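Peer 1: You'll find data32.tsv just under this line, and it carries TSV, C-alpha atoms.
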```tsv
chain	number	residue	atom	x	y	z
A	1	MET	CA	-18.37	-0.29	-16.24
A	2	ASN	CA	-15.16	-2.02	-15.27
A	3	PHE	CA	-14.39	-3.49	-11.84
A	4	LEU	CA	-12.95	-0.23	-10.49
A	5	GLU	CA	-15.81	1.94	-11.71
A	6	GLU	CA	-18.22	-0.51	-10.10
A	7	ARG	CA	-16.32	-0.26	-6.81
A	8	ILE	CA	-16.31	3.55	-6.95
A	9	ILE	CA	-20.09	3.53	-7.42
A	10	LYS	CA	-20.48	1.06	-4.55
A	11	ASP	CA	-18.07	2.51	-1.97
A	12	GLY	CA	-16.90	5.94	-3.16
A	13	VAL	CA	-18.41	9.02	-1.55
A	14	VAL	CA	-18.97	12.24	-3.48
A	15	LYS	CA	-18.18	15.04	-1.04
A	16	SER	CA	-18.53	17.88	-3.53
A	17	SER	CA	-18.41	18.35	-7.31
A	18	ASN	CA	-14.64	18.13	-6.98
A	19	VAL	CA	-13.98	15.73	-4.09
A	20	LEU	CA	-14.38	11.97	-4.33
A	21	LYS	CA	-13.53	9.96	-1.21
A	22	VAL	CA	-12.21	6.48	-1.92
A	23	ASP	CA	-10.50	6.07	1.44
A	24	SER	CA	-12.39	2.90	2.31
A	25	PHE	CA	-10.60	0.86	-0.35
A	26	LEU	CA	-7.78	2.85	-1.99
A	27	ASN	CA	-5.94	5.53	-0.06
A	28	HIS	CA	-6.40	5.09	3.68
A	29	GLN	CA	-7.79	1.60	4.02
A	30	MET	CA	-6.61	-0.59	1.14
A	31	ASP	CA	-8.52	-3.58	-0.20
A	32	ILE	CA	-5.55	-5.72	-1.21
A	33	ALA	CA	-7.54	-7.99	-3.55
A	34	LEU	CA	-8.69	-4.89	-5.44
A	35	ILE	CA	-5.14	-3.52	-5.54
A	36	GLU	CA	-3.95	-6.81	-7.06
A	37	GLU	CA	-6.68	-6.59	-9.70
A	38	ILE	CA	-5.65	-3.00	-10.47
A	39	ALA	CA	-2.02	-4.12	-10.83
A	40	LYS	CA	-2.97	-6.92	-13.23
A	41	GLU	CA	-5.02	-4.48	-15.31
A	42	PHE	CA	-2.03	-2.12	-15.63
A	43	LYS	CA	0.10	-5.10	-16.68
A	44	ARG	CA	-2.47	-5.93	-19.38
A	45	ARG	CA	-2.68	-2.34	-20.64
A	46	PHE	CA	1.10	-1.85	-20.79
A	47	ALA	CA	1.85	-5.43	-21.87
A	48	ASP	CA	3.64	-4.35	-25.07
A	49	LYS	CA	6.02	-2.00	-23.25
A	50	THR	CA	9.53	-2.69	-22.09
A	51	VAL	CA	9.49	-1.75	-18.40
A	52	THR	CA	12.67	-1.90	-16.31
A	53	LYS	CA	11.36	0.00	-13.31
A	54	VAL	CA	8.08	1.26	-11.84
A	55	MET	CA	8.09	4.72	-10.28
A	56	THR	CA	5.63	6.55	-8.05
A	57	ILE	CA	5.56	9.31	-5.46
A	58	GLU	CA	4.94	8.90	-1.75
A	59	ALA	CA	2.67	8.24	-0.02
A	60	SER	CA	-0.64	6.77	-1.14
A	61	GLY	CA	0.59	5.48	-4.51
A	62	ILE	CA	3.25	3.24	-2.98
A	63	GLY	CA	1.08	0.23	-2.18
A	64	ILE	CA	-0.47	0.15	-5.63
A	65	ALA	CA	2.81	0.72	-7.45
A	66	ALA	CA	4.47	-2.07	-5.42
A	67	PHE	CA	1.96	-4.59	-6.75
A	68	VAL	CA	2.40	-3.24	-10.31
A	69	ALA	CA	6.17	-3.69	-9.94
A	70	LYS	CA	5.52	-7.27	-8.84
A	71	GLU	CA	3.47	-7.89	-11.99
A	72	PHE	CA	6.31	-6.63	-14.20
A	73	GLY	CA	8.99	-8.34	-12.11
A	74	VAL	CA	10.95	-5.10	-11.68
A	75	PRO	CA	11.93	-2.84	-8.75
A	76	LEU	CA	9.82	0.06	-7.55
A	77	VAL	CA	11.33	3.48	-6.90
A	78	PHE	CA	9.22	5.97	-5.00
A	79	ALA	CA	10.08	9.65	-5.20
A	80	LYS	CA	10.25	11.41	-1.87
A	81	LYS	CA	8.69	14.70	-0.93
A	82	SER	CA	11.11	17.06	0.70
A	83	LYS	CA	10.68	20.49	2.13
A	84	SER	CA	14.37	21.05	2.58
A	85	ILE	CA	16.07	23.65	0.43
A	86	ASN	CA	19.47	22.04	0.77
A	87	ILE	CA	19.49	18.97	-1.37
A	88	ASP	CA	22.82	17.54	-2.34
A	89	GLY	CA	23.86	16.89	-5.93
A	90	ASP	CA	23.13	13.20	-5.85
A	91	VAL	CA	19.42	13.54	-6.54
A	92	PHE	CA	17.10	14.50	-9.36
A	93	VAL	CA	14.71	17.22	-8.21
A	94	ALA	CA	11.37	18.52	-9.45
A	95	GLU	CA	9.19	21.16	-7.89
A	96	VAL	CA	5.59	20.06	-7.48
A	97	GLU	CA	2.71	22.30	-6.58
A	98	SER	CA	-0.06	20.87	-4.46
A	99	PHE	CA	-3.46	22.40	-5.08
A	100	THR	CA	-4.92	20.54	-2.12
A	101	HIS	CA	-2.41	21.84	0.36
A	102	ARG	CA	-1.61	25.10	-1.49
A	103	ASN	CA	2.12	24.70	-1.19
A	104	LYS	CA	5.14	23.55	-3.15
A	105	ASN	CA	7.16	20.46	-2.45
A	106	GLN	CA	10.42	19.37	-3.85
A	107	VAL	CA	10.24	15.84	-5.12
A	108	ILE	CA	13.49	13.94	-5.21
A	109	VAL	CA	14.86	10.69	-6.60
A	110	SER	CA	18.38	9.52	-5.88
A	111	LYS	CA	20.60	9.33	-8.96
A	112	LYS	CA	21.63	5.87	-7.78
A	113	PHE	CA	18.21	4.47	-8.69
A	114	LEU	CA	17.42	6.08	-12.04
A	115	HIS	CA	19.77	5.77	-14.99
A	116	GLU	CA	20.07	6.70	-18.63
A	117	GLY	CA	18.49	4.10	-20.86
A	118	GLU	CA	15.99	2.82	-18.31
A	119	HIS	CA	12.32	2.30	-19.23
A	120	ILE	CA	9.98	3.68	-16.60
A	121	LEU	CA	6.30	3.06	-15.96
A	122	ILE	CA	4.92	5.80	-13.70
A	123	ILE	CA	2.00	4.82	-11.46
A	124	ASP	CA	-0.16	7.00	-9.23
A	125	ASP	CA	-3.48	6.67	-7.48
A	126	PHE	CA	-4.98	10.00	-8.55
A	127	MET	CA	-4.48	12.57	-11.28
A	128	ALA	CA	-6.19	15.96	-11.22
A	129	ASN	CA	-4.05	18.89	-12.36
A	130	GLY	CA	-1.25	16.51	-13.14
A	131	CYS	CA	1.43	18.42	-11.24
A	132	ALA	CA	2.83	15.35	-9.48
A	133	MET	CA	2.89	13.42	-12.77
A	134	GLN	CA	4.65	16.28	-14.56
A	135	GLY	CA	7.26	16.34	-11.80
A	136	LEU	CA	7.89	12.60	-12.11
A	137	ILE	CA	8.10	12.83	-15.91
A	138	SER	CA	10.59	15.67	-15.67
A	139	ILE	CA	12.74	13.62	-13.29
A	140	VAL	CA	12.70	10.59	-15.62
A	141	GLU	CA	13.54	12.72	-18.67
A	142	SER	CA	16.33	14.57	-16.90
A	143	ALA	CA	17.92	11.20	-16.11
A	144	GLY	CA	17.91	10.31	-19.82
A	145	ALA	CA	15.46	7.50	-19.15
A	146	THR	CA	12.27	6.84	-21.11
A	147	VAL	CA	8.71	7.24	-19.83
A	148	GLU	CA	6.99	4.13	-21.19
A	149	GLY	CA	3.64	5.13	-19.81
A	150	CYS	CA	1.64	6.73	-17.02
A	151	GLY	CA	-0.86	4.52	-15.20
A	152	ILE	CA	-3.46	6.31	-13.11
A	153	VAL	CA	-6.06	4.59	-10.97
A	154	ILE	CA	-8.58	7.47	-10.91
A	155	GLU	CA	-8.34	10.48	-13.20
A	156	LYS	CA	-10.44	13.57	-12.63
A	157	GLY	CA	-11.35	14.12	-16.27
A	158	PHE	CA	-12.77	17.55	-15.57
A	159	GLN	CA	-9.37	18.81	-14.50
A	160	ILE	CA	-6.54	19.53	-16.86
A	161	GLY	CA	-3.85	16.97	-15.96
A	162	GLY	CA	-4.84	14.13	-18.28
A	163	ARG	CA	-5.19	16.40	-21.31
A	164	VAL	CA	-1.83	18.06	-20.70
A	165	ILE	CA	0.07	14.79	-20.28
A	166	ARG	CA	-1.61	13.19	-23.32
A	167	ASN	CA	-0.95	16.32	-25.42
A	168	LEU	CA	2.71	16.00	-24.53
A	169	GLY	CA	2.59	12.62	-26.25
A	170	TYR	CA	2.72	10.31	-23.26
A	171	HIS	CA	0.75	7.08	-23.12
A	172	VAL	CA	-1.70	7.56	-20.25
A	173	GLU	CA	-3.96	4.77	-19.02
A	174	SER	CA	-6.52	5.69	-16.37
A	175	LEU	CA	-8.59	2.84	-15.01
A	176	ALA	CA	-11.45	5.22	-14.24
A	177	ILE	CA	-11.94	8.73	-15.62
A	178	VAL	CA	-14.47	10.75	-13.66
A	179	ASP	CA	-16.01	13.39	-15.90
A	180	ALA	CA	-18.53	14.75	-13.43
A	181	MET	CA	-19.78	14.31	-9.88
A	182	ASP	CA	-22.93	15.50	-8.19
A	183	ALA	CA	-22.73	15.86	-4.42
A	184	GLU	CA	-26.51	16.16	-4.02
A	185	THR	CA	-27.37	12.88	-5.70
A	186	GLY	CA	-23.97	11.29	-5.06
A	187	SER	CA	-23.76	10.33	-8.73
A	188	VAL	CA	-20.50	9.85	-10.63
A	189	THR	CA	-20.24	10.08	-14.41
A	190	PHE	CA	-17.42	8.08	-15.99
A	191	ARG	CA	-15.92	8.73	-19.41
A	192	GLU	CA	-16.53	5.96	-21.92
A	193	GLN	CA	-13.13	4.49	-22.81
B	1	MET	CA	22.26	-14.74	9.49
B	2	ASN	CA	18.82	-14.70	7.95
B	3	PHE	CA	18.02	-13.50	4.40
B	4	LEU	CA	17.48	-9.89	5.52
B	5	GLU	CA	20.65	-9.66	7.58
B	6	GLU	CA	22.58	-11.03	4.60
B	7	ARG	CA	21.04	-8.40	2.36
B	8	ILE	CA	21.89	-5.61	4.82
B	9	ILE	CA	25.51	-6.79	4.88
B	10	LYS	CA	25.57	-6.92	1.06
B	11	ASP	CA	23.76	-3.69	0.15
B	12	GLY	CA	23.31	-1.60	3.28
B	13	VAL	CA	25.60	1.37	3.83
B	14	VAL	CA	26.71	2.46	7.29
B	15	LYS	CA	26.78	6.26	7.20
B	16	SER	CA	27.57	6.76	10.87
B	17	SER	CA	27.27	4.81	14.10
B	18	ASN	CA	23.57	5.69	14.02
B	19	VAL	CA	22.62	5.84	10.32
B	20	LEU	CA	22.13	2.77	8.14
B	21	LYS	CA	21.11	3.40	4.54
B	22	VAL	CA	18.98	0.65	3.03
B	23	ASP	CA	17.50	2.82	0.31
B	24	SER	CA	18.68	0.55	-2.50
B	25	PHE	CA	16.28	-2.23	-1.53
B	26	LEU	CA	13.87	-1.12	1.21
B	27	ASN	CA	12.83	2.51	1.51
B	28	HIS	CA	13.49	4.40	-1.72
B	29	GLN	CA	14.07	1.67	-4.26
B	30	MET	CA	12.19	-1.48	-3.28
B	31	ASP	CA	13.24	-4.99	-4.25
B	32	ILE	CA	9.80	-6.55	-4.53
B	33	ALA	CA	11.01	-10.16	-4.29
B	34	LEU	CA	12.69	-9.26	-0.98
B	35	ILE	CA	9.55	-7.48	0.23
B	36	GLU	CA	7.52	-10.62	-0.53
B	37	GLU	CA	10.01	-12.71	1.45
B	38	ILE	CA	9.76	-10.26	4.36
B	39	ALA	CA	5.96	-10.50	4.23
B	40	LYS	CA	6.05	-14.31	4.30
B	41	GLU	CA	8.43	-14.22	7.26
B	42	PHE	CA	6.05	-11.98	9.24
B	43	LYS	CA	3.21	-14.37	8.36
B	44	ARG	CA	5.31	-17.23	9.72
B	45	ARG	CA	6.22	-15.40	12.94
B	46	PHE	CA	2.65	-14.27	13.67
B	47	ALA	CA	1.01	-17.44	12.34
B	48	ASP	CA	-0.73	-18.20	15.65
B	49	LYS	CA	-2.36	-14.76	15.88
B	50	THR	CA	-5.83	-13.75	14.83
B	51	VAL	CA	-5.29	-10.78	12.55
B	52	THR	CA	-8.22	-8.86	11.08
B	53	LYS	CA	-6.27	-5.87	9.82
B	54	VAL	CA	-2.70	-4.77	9.19
B	55	MET	CA	-1.78	-1.22	10.12
B	56	THR	CA	1.21	0.98	9.32
B	57	ILE	CA	2.10	4.65	9.01
B	58	GLU	CA	2.90	6.50	5.80
B	59	ALA	CA	5.11	6.56	3.88
B	60	SER	CA	7.86	4.01	3.55
B	61	GLY	CA	6.14	1.22	5.46
B	62	ILE	CA	3.16	1.10	3.11
B	63	GLY	CA	4.64	-1.14	0.44
B	64	ILE	CA	5.85	-3.70	2.97
B	65	ALA	CA	2.65	-3.65	5.00
B	66	ALA	CA	0.56	-4.11	1.83
B	67	PHE	CA	2.32	-7.41	1.09
B	68	VAL	CA	1.93	-8.49	4.73
B	69	ALA	CA	-1.81	-7.74	4.47
B	70	LYS	CA	-1.92	-9.90	1.34
B	71	GLU	CA	-0.32	-12.80	3.26
B	72	PHE	CA	-2.96	-12.56	5.98
B	73	GLY	CA	-5.80	-11.93	3.51
B	74	VAL	CA	-6.91	-8.79	5.35
B	75	PRO	CA	-7.11	-5.05	4.55
B	76	LEU	CA	-4.31	-2.62	5.24
B	77	VAL	CA	-4.93	0.69	6.98
B	78	PHE	CA	-2.17	3.26	6.88
B	79	ALA	CA	-2.18	6.09	9.38
B	80	LYS	CA	-1.67	9.53	7.91
B	81	LYS	CA	0.66	12.22	9.09
B	82	SER	CA	-1.01	15.56	9.48
B	83	LYS	CA	0.28	18.94	10.48
B	84	SER	CA	-3.15	20.46	10.75
B	85	ILE	CA	-4.40	21.47	14.18
B	86	ASN	CA	-8.03	21.22	13.16
B	87	ILE	CA	-8.90	17.60	12.94
B	88	ASP	CA	-12.53	16.68	13.07
B	89	GLY	CA	-13.96	14.22	15.53
B	90	ASP	CA	-14.10	11.32	13.13
B	91	VAL	CA	-10.47	10.30	13.60
B	92	PHE	CA	-8.22	8.76	16.20
B	93	VAL	CA	-5.19	10.97	16.81
B	94	ALA	CA	-1.76	10.41	18.29
B	95	GLU	CA	1.09	12.85	18.57
B	96	VAL	CA	4.36	11.46	17.26
B	97	GLU	CA	7.74	13.04	17.73
B	98	SER	CA	10.27	12.63	14.95
B	99	PHE	CA	13.87	12.63	16.10
B	100	THR	CA	15.10	12.75	12.51
B	101	HIS	CA	13.14	15.84	11.60
B	102	ARG	CA	12.96	17.30	15.11
B	103	ASN	CA	9.29	18.05	14.95
B	104	LYS	CA	5.94	16.67	16.03
B	105	ASN	CA	3.34	15.26	13.71
B	106	GLN	CA	-0.18	14.31	14.39
B	107	VAL	CA	-0.91	10.83	13.17
B	108	ILE	CA	-4.52	10.08	12.33
B	109	VAL	CA	-6.69	7.10	11.50
B	110	SER	CA	-10.31	7.45	10.50
B	111	LYS	CA	-12.76	5.92	12.95
B	112	LYS	CA	-14.45	4.30	9.96
B	113	PHE	CA	-11.54	1.90	9.54
B	114	LEU	CA	-10.67	0.85	13.08
B	115	HIS	CA	-13.25	-0.68	15.38
B	116	GLU	CA	-13.63	-2.16	18.82
B	117	GLY	CA	-12.85	-5.86	18.82
B	118	GLU	CA	-10.53	-5.83	15.84
B	119	HIS	CA	-7.17	-7.61	15.94
B	120	ILE	CA	-4.37	-5.47	14.56
B	121	LEU	CA	-0.88	-6.38	13.38
B	122	ILE	CA	1.26	-3.25	13.20
B	123	ILE	CA	4.06	-3.26	10.62
B	124	ASP	CA	6.82	-0.73	10.05
B	125	ASP	CA	10.11	-0.66	8.20
B	126	PHE	CA	12.24	0.83	10.99
B	127	MET	CA	12.12	1.19	14.74
B	128	ALA	CA	14.55	3.38	16.66
B	129	ASN	CA	13.06	5.35	19.54
B	130	GLY	CA	9.72	3.72	18.90
B	131	CYS	CA	7.71	6.94	18.83
B	132	ALA	CA	5.80	6.05	15.66
B	133	MET	CA	5.04	2.58	17.04
B	134	GLN	CA	3.84	4.03	20.36
B	135	GLY	CA	1.54	6.37	18.44
B	136	LEU	CA	0.06	3.52	16.43
B	137	ILE	CA	-0.39	1.37	19.54
B	138	SER	CA	-2.14	4.24	21.33
B	139	ILE	CA	-4.52	4.66	18.38
B	140	VAL	CA	-5.36	0.94	18.30
B	141	GLU	CA	-5.91	0.84	22.07
B	142	SER	CA	-8.07	3.95	22.06
B	143	ALA	CA	-10.31	2.28	19.47
B	144	GLY	CA	-10.82	-0.68	21.81
B	145	ALA	CA	-9.02	-2.94	19.34
B	146	THR	CA	-6.23	-5.39	20.24
B	147	VAL	CA	-2.58	-5.10	19.20
B	148	GLU	CA	-1.73	-8.68	18.18
B	149	GLY	CA	1.86	-7.82	17.44
B	150	CYS	CA	4.40	-5.35	16.10
B	151	GLY	CA	6.45	-6.45	13.09
B	152	ILE	CA	9.56	-4.42	12.37
B	153	VAL	CA	11.86	-4.98	9.43
B	154	ILE	CA	14.96	-3.36	10.96
B	155	GLU	CA	15.22	-2.45	14.63
B	156	LYS	CA	18.01	-0.26	15.94
B	157	GLY	CA	18.73	-2.31	19.03
B	158	PHE	CA	20.97	0.37	20.52
B	159	GLN	CA	18.02	2.76	20.72
B	160	ILE	CA	15.25	2.47	23.24
B	161	GLY	CA	12.14	1.73	21.17
B	162	GLY	CA	12.27	-2.06	21.14
B	163	ARG	CA	12.87	-2.32	24.90
B	164	VAL	CA	10.03	0.06	25.71
B	165	ILE	CA	7.49	-1.70	23.50
B	166	ARG	CA	8.52	-5.17	24.75
B	167	ASN	CA	8.43	-3.97	28.38
B	168	LEU	CA	4.87	-2.82	27.79
B	169	GLY	CA	4.08	-6.45	27.02
B	170	TYR	CA	3.65	-6.30	23.28
B	171	HIS	CA	4.86	-9.08	21.02
B	172	VAL	CA	7.57	-7.50	18.87
B	173	GLU	CA	9.21	-9.36	16.01
B	174	SER	CA	12.12	-7.60	14.30
B	175	LEU	CA	13.58	-9.37	11.29
B	176	ALA	CA	16.96	-7.77	11.93
B	177	ILE	CA	18.13	-6.11	15.14
B	178	VAL	CA	21.20	-3.96	14.66
B	179	ASP	CA	23.13	-3.73	17.93
B	180	ALA	CA	26.07	-1.73	16.63
B	181	MET	CA	27.47	-0.15	13.49
B	182	ASP	CA	30.94	1.07	12.67
B	183	ALA	CA	31.11	3.73	9.96
B	184	GLU	CA	34.87	3.34	9.54
B	185	THR	CA	34.82	-0.34	8.72
B	186	GLY	CA	31.21	-0.38	7.50
B	187	SER	CA	30.51	-3.33	9.80
B	188	VAL	CA	27.10	-4.11	11.25
B	189	THR	CA	26.59	-6.23	14.36
B	190	PHE	CA	23.27	-8.06	14.58
B	191	ARG	CA	21.68	-9.34	17.77
B	192	GLU	CA	21.45	-13.14	17.98
B	193	GLN	CA	17.76	-14.04	18.03
```
Mind turning the file's structure into structure tokens?
Peer 2:
Amino acid sequence: MNFLEERIIKDGVVKSSNVLKVDSFLNHQMDIALIEEIAKEFKRRFADKTVTKVMTIEASGIGIAAFVAKEFGVPLVFAKKSKSINIDGDVFVAEVESFTHRNKNQVIVSKKFLHEGEHILIIDDFMANGCAMQGLISIVESAGATVEGCGIVIEKGFQIGGRVIRNLGYHVESLAIVDAMDAETGSVTFREQ
Amino acid sequence: MNFLEERIIKDGVVKSSNVLKVDSFLNHQMDIALIEEIAKEFKRRFADKTVTKVMTIEASGIGIAAFVAKEFGVPLVFAKKSKSINIDGDVFVAEVESFTHRNKNQVIVSKKFLHEGEHILIIDDFMANGCAMQGLISIVESAGATVEGCGIVIEKGFQIGGRVIRNLGYHVESLAIVDAMDAETGSVTFREQ
């Protein structure tokens, strides 16, 4: 087990076979020392990539992605969620479905901050169905920029997102892949990587 | 002028007498070196305070507050915005009015991450009417914790928030206070501090 898997075992709470709460250290309260370790691990895993910008989506990925951007010495751009129909022409837009909230959000990035020829590392805290990641990838591609990789802190391996994104040929690195959870025993099974 | 005021003059865009766009370095694209400098400045200004936790509200304050938490060597807790009426008893709740979006949001913090006797530094990127800050203060107070200070990156000095919070006796430090803006000339007038 790596440092993150150990922390999930120690402080994560299995609420159901599908819900893992990591809000004590990752996405409500943040353990900054852990976040820095996560950022350094992403730097190590994507060390051979040219990265000109880190990108994420608001809200809970921002803190993690900011420390990853620091490691690479590049700016962070976070995509914004917008419910408004009227979006002017100066933004890239993707429609993202949320299974948790059962609605659709438009995700936008200003054209000022994403250009042709840029090399983007996408970072997010969770991946399940991969809808948010697909939206971010589509925004990067539509700008004529290159997705250098997708770094996920916790991937739900029993949902389809990781397989879809990898099948599309993208380099995905998940620091922990949860293949199964048991709410009765509280146990978490990680994929061997 | 300090480093932030200089950056606002260089890269900020005055859209109207009330709207200052700083999305190229602060709240859409983030210049991480600048964010680190901001964090160190807050550490300097609140150096004499006992701080056990940094708190902010999602989304755009998270990246800044995470680096401030790093400076103090403490965890960050970010309050979540929630539209749901049904919130269980395990959270502190405040109602926050948004003048930008003309709606009300419930802002919540889990009782697991905010305790009596804690010393909280609240950080946010912007303050205008101060509604978000008042919500965060009310949450901290209702937990029986102490607000050690409120650190704001950019305060709109011509709106009421800063005066209200200072009148209530809280220690507010704003790295830049904008007293006036002129959309025609693009000029920004900062308060002497």
Peer 1: If the cut-off is 8 Å, can you tell me the residues of chain B near chain A, counting all atoms listed in the file? I'd like them as a list in words.
Peer 2: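 Close to chain A, chain B has Ser24, His28, Gln29, Met30, Asp31, Ile32, Ala33, Glu58, Ala59, Ser60, Ile62, Gly63, Ala66, Ala69, Lys70, Gly73, Val74, Pro75, Leu76, Val77, Phe78, Ala79, Lys80 and Phe113 of chain B.
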Peer 1: Which residue is closest to Asn129 of chain B? Choose from B:Asn18, B:Ala145, B:Val91, B:Gln106 and count all atoms listed in the file.
Peer 2: B:Asn18
Peer 1: May I have the residues at most 12 Å from (13.0, -0.5, 11.7) in the file's coordinates, counting all atoms listed in the file, as a VMD selection string?
Peer 2: chain B and resid 19 to 22 26 to 27 60 to 61 64 123 to 133 150 to 159 161 to 162 172 to 178
Peer 1: For Ile108 of chain A, which of A:Ile8, A:Ala94, A:Ile38, A:Leu121 is the closest residue, counting only C-alpha atoms?
Peer 2: A:Ala94
Peer 1: Rounded to one decimal, what separation in Å do you get between atom CA of Ser187 of chain B and atom CA of Lys15 of chain B?
Peer 2: 10.6 Å
Peer 1: What's the separation between atom CA of Asn105 of chain A and atom CA of Thr146 of chain A, in Å to one decimal place?
Peer 2: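 Interatomic distance here is 23.7 Å.
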Peer 1: For a test of reading the model, state the distance in Å between atom CA of Glu184 of chain B and atom CA of Val14 of chain B, rounded to one decimal.
Peer 2: 8.5 Å
Peer 1: Write out as a list in words which residues come within 7 Å of Thr52 of chain A when counting only C-alpha atoms, dropping same-chain ones fewer than 5 positions away.
Peer 2: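 Here the qualifying residues turn out to be Val74, Glu118, His119 and Ile120 of chain A.
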Peer 1: Counting all atoms listed in the file, figure out which residue out of A:Ile9, A:Arg102, A:Gln134, A:Met181 gets nearest to Val164 of chain A.
Peer 2: A:Gln134
